[in-house]
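Undergrad: Quick one: this structure, given as structure tokens, is what I'll be asking you about.
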Amino acid sequence: MASVSANFVCSRTSIRLPNQMITSKSLRLATVGWGRTPGFPRLTSSRFQISCAAKQETVDKVCEIVRKQLALPADKEITPQTTFTDLGADSLDTVEIVMGLEEEFDITVQEDNQDNISCIQEAADLIEQLVANKS
């Protein structure tokens with residue numbers, strides 16, 4: 001059996017796979033398998049990454065704000081897939097992070113959108129969406 005798996009996927013869209021449709025606001029882990037058929041190539045990589053629409057500079061700025069809000073050391077690695085809970089943030093820390101992002105980017109994040117932000121990439125994507133809607 002050949003398979004494709006992901007260690008982490010940060011997605012807010014529908015994913016269409018052969019014979020099935022996965023729709024999720026925040027899909028964290030996905031495993032997809034296909035039966036071995038003649039001519040189906042053997043996949044050697046077990047990791048893949050889906051990058052979202054946010055610009056790298058927005059992601060970097062979000063990382064900087066999160067690092068500052070949580071008082072993280074400079075050597076602590078933060079990637080777009082890093083969740084706030086991975087960094088030790090509780091719900092109050094997450095609210096403070098969102099407030100810092102609102103101030104930095106001059107946006108307002110609605111309360112229902114705050115619940116959908118759990119990783120750096122989701123925050124960056126939401127920021128770019130709100131900035132685009134603002135202008």
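Numbering starts fresh at 1 for the residues of each chain in the structure tokens, the chains themselves are lettered A, B, ... in the order given, and ligands are numbered from 1 as they appear.
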Mind checking which residues fall within 10 Å of Ala89 of chain A, counting only C-alpha atoms, ignoring those fewer than 5 positions away in the same chain, and posting them as a PDB file with C-alpha atoms, in the first residue's frame?

TA:
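See out03.pdb below for the written result:
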```pdb
ATOM      1  CA  VAL A  66       4.515  36.254  19.413  1.00  0.00           C
ATOM      2  CA  GLN A  69       4.405  38.686  23.897  1.00  0.00           C
ATOM      3  CA  LEU A  70       5.554  35.333  25.288  1.00  0.00           C
ATOM      4  CA  THR A  83       0.999  26.588  17.506  1.00  0.00           C
ATOM      5  CA  PHE A  84       0.638  28.954  20.415  1.00  0.00           C
ATOM      6  CA  THR A  94      -3.439  34.109  23.056  1.00  0.00           C
ATOM      7  CA  VAL A  95      -5.724  37.100  23.717  1.00  0.00           C
ATOM      8  CA  GLU A  96      -2.660  39.268  24.388  1.00  0.00           C
ATOM      9  CA  ILE A  97      -1.018  38.024  21.176  1.00  0.00           C
TER      10      ILE A  97
END
```

Undergrad: Quick check, in Å to one decimal: how far apart do atom CA of Ala74 of chain A and atom CA of Gly100 of chain A lie?

TA: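 Calculated distance between atom CA of Ala74 of chain A and atom CA of Gly100 of chain A is 18.5 Å.
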
Undergrad: Using only C-alpha atoms, determine which residues lie at most 10 Å from Cys63 of chain A, disregarding the query and same-chain residues fewer than 6 positions distant; provide the list as a PyMOL selection string.

TA: chain A and resi 57+69+77-80+82+120-121+123-124

Undergrad: Please report the interatomic distance between atom CA of Ser91 of chain A and atom CA of Ala132 of chain A in Å with one decimal.

TA: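 Those two atoms sit 27.1 Å apart.
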
Undergrad: Please, what distance in Å, to one decimal, runs between atom CA of Leu92 of chain A and atom CA of Asp75 of chain A?

TA: 23.8 Å

Undergrad: Considering only C-alpha atoms, can you say which of A:Asp125, A:Met99, A:Asp90, A:Gln114 comes closest to Gln56 of chain A?

TA: A:Asp125

Undergrad: Residues at most 12 Å from Gln129 of chain A, counting only C-alpha atoms, excluding those fewer than 4 positions away in the same chain, as a PyMOL selection string?

TA: chain A and resi 52-55+58+105+107-109+113+122-125+133-135

Undergrad: For the residues in the current selection, export N, CA, C and O atoms as a PDB file, in the first residue's frame.

TA:
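Written out: result39.pdb:
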```pdb
ATOM      1  N   CYS A  52       0.368  28.543   2.903  1.00  0.00           N
ATOM      2  CA  CYS A  52      -0.829  29.358   2.745  1.00  0.00           C
ATOM      3  C   CYS A  52      -0.461  30.668   2.065  1.00  0.00           C
ATOM      4  O   CYS A  52       0.663  30.899   1.701  1.00  0.00           O
ATOM      5  N   ALA A  53      -1.413  31.544   1.959  1.00  0.00           N
ATOM      6  CA  ALA A  53      -1.287  32.736   1.136  1.00  0.00           C
ATOM      7  C   ALA A  53      -0.490  33.881   1.761  1.00  0.00           C
ATOM      8  O   ALA A  53      -0.087  34.779   1.053  1.00  0.00           O
ATOM      9  N   ALA A  54      -0.285  33.898   3.025  1.00  0.00           N
ATOM     10  CA  ALA A  54       0.350  35.049   3.679  1.00  0.00           C
ATOM     11  C   ALA A  54       1.773  35.262   3.180  1.00  0.00           C
ATOM     12  O   ALA A  54       2.516  34.317   2.939  1.00  0.00           O
ATOM     13  N   LYS A  55       2.144  36.543   3.050  1.00  0.00           N
ATOM     14  CA  LYS A  55       3.502  36.898   2.641  1.00  0.00           C
ATOM     15  C   LYS A  55       4.471  36.538   3.751  1.00  0.00           C
ATOM     16  O   LYS A  55       4.131  36.568   4.933  1.00  0.00           O
ATOM     17  N   THR A  58       4.805  39.077   6.528  1.00  0.00           N
ATOM     18  CA  THR A  58       3.717  39.056   7.514  1.00  0.00           C
ATOM     19  C   THR A  58       3.954  37.944   8.519  1.00  0.00           C
ATOM     20  O   THR A  58       3.805  38.141   9.726  1.00  0.00           O
ATOM     21  N   PHE A 105      -0.793  45.832  13.234  1.00  0.00           N
ATOM     22  CA  PHE A 105      -1.298  45.876  11.857  1.00  0.00           C
ATOM     23  C   PHE A 105      -2.497  46.812  11.690  1.00  0.00           C
ATOM     24  O   PHE A 105      -3.054  46.896  10.599  1.00  0.00           O
ATOM     25  N   ILE A 107      -5.640  46.627  12.788  1.00  0.00           N
ATOM     26  CA  ILE A 107      -6.817  45.856  12.387  1.00  0.00           C
ATOM     27  C   ILE A 107      -7.639  45.539  13.627  1.00  0.00           C
ATOM     28  O   ILE A 107      -7.173  45.748  14.754  1.00  0.00           O
ATOM     29  N   THR A 108      -8.836  45.024  13.410  1.00  0.00           N
ATOM     30  CA  THR A 108      -9.671  44.537  14.502  1.00  0.00           C
ATOM     31  C   THR A 108     -10.044  43.098  14.195  1.00  0.00           C
ATOM     32  O   THR A 108     -10.622  42.814  13.143  1.00  0.00           O
ATOM     33  N   VAL A 109      -9.701  42.204  15.096  1.00  0.00           N
ATOM     34  CA  VAL A 109     -10.022  40.792  14.938  1.00  0.00           C
ATOM     35  C   VAL A 109     -11.293  40.515  15.732  1.00  0.00           C
ATOM     36  O   VAL A 109     -11.326  40.721  16.942  1.00  0.00           O
ATOM     37  N   ASN A 113     -13.305  35.110  15.091  1.00  0.00           N
ATOM     38  CA  ASN A 113     -12.075  34.821  14.356  1.00  0.00           C
ATOM     39  C   ASN A 113     -10.928  34.472  15.289  1.00  0.00           C
ATOM     40  O   ASN A 113     -10.026  33.731  14.915  1.00  0.00           O
ATOM     41  N   GLU A 122      -1.997  30.644  10.570  1.00  0.00           N
ATOM     42  CA  GLU A 122      -3.403  31.053  10.621  1.00  0.00           C
ATOM     43  C   GLU A 122      -3.520  32.529  10.984  1.00  0.00           C
ATOM     44  O   GLU A 122      -4.348  33.252  10.412  1.00  0.00           O
ATOM     45  N   ALA A 123      -2.700  32.992  11.918  1.00  0.00           N
ATOM     46  CA  ALA A 123      -2.716  34.401  12.306  1.00  0.00           C
ATOM     47  C   ALA A 123      -2.288  35.279  11.136  1.00  0.00           C
ATOM     48  O   ALA A 123      -2.933  36.295  10.845  1.00  0.00           O
ATOM     49  N   ALA A 124      -1.228  34.895  10.440  1.00  0.00           N
ATOM     50  CA  ALA A 124      -0.739  35.681   9.301  1.00  0.00           C
ATOM     51  C   ALA A 124      -1.769  35.729   8.178  1.00  0.00           C
ATOM     52  O   ALA A 124      -1.995  36.784   7.573  1.00  0.00           O
ATOM     53  N   ASP A 125      -2.410  34.596   7.902  1.00  0.00           N
ATOM     54  CA  ASP A 125      -3.440  34.554   6.852  1.00  0.00           C
ATOM     55  C   ASP A 125      -4.613  35.458   7.203  1.00  0.00           C
ATOM     56  O   ASP A 125      -5.117  36.197   6.354  1.00  0.00           O
ATOM     57  N   ASN A 133      -9.369  43.458   3.281  1.00  0.00           N
ATOM     58  CA  ASN A 133     -10.765  43.879   3.409  1.00  0.00           C
ATOM     59  C   ASN A 133     -10.868  45.338   3.847  1.00  0.00           C
ATOM     60  O   ASN A 133     -11.832  46.019   3.520  1.00  0.00           O
ATOM     61  N   LYS A 134      -9.872  45.794   4.599  1.00  0.00           N
ATOM     62  CA  LYS A 134      -9.866  47.152   5.120  1.00  0.00           C
ATOM     63  C   LYS A 134      -9.664  48.182   4.009  1.00  0.00           C
ATOM     64  O   LYS A 134     -10.218  49.262   4.035  1.00  0.00           O
ATOM     65  N   SER A 135      -8.849  47.800   3.019  1.00  0.00           N
ATOM     66  CA  SER A 135      -8.538  48.759   1.937  1.00  0.00           C
ATOM     67  C   SER A 135      -9.414  48.604   0.739  1.00  0.00           C
ATOM     68  O   SER A 135     -10.508  48.390   0.669  1.00  0.00           O
TER      69      SER A 135
END
```
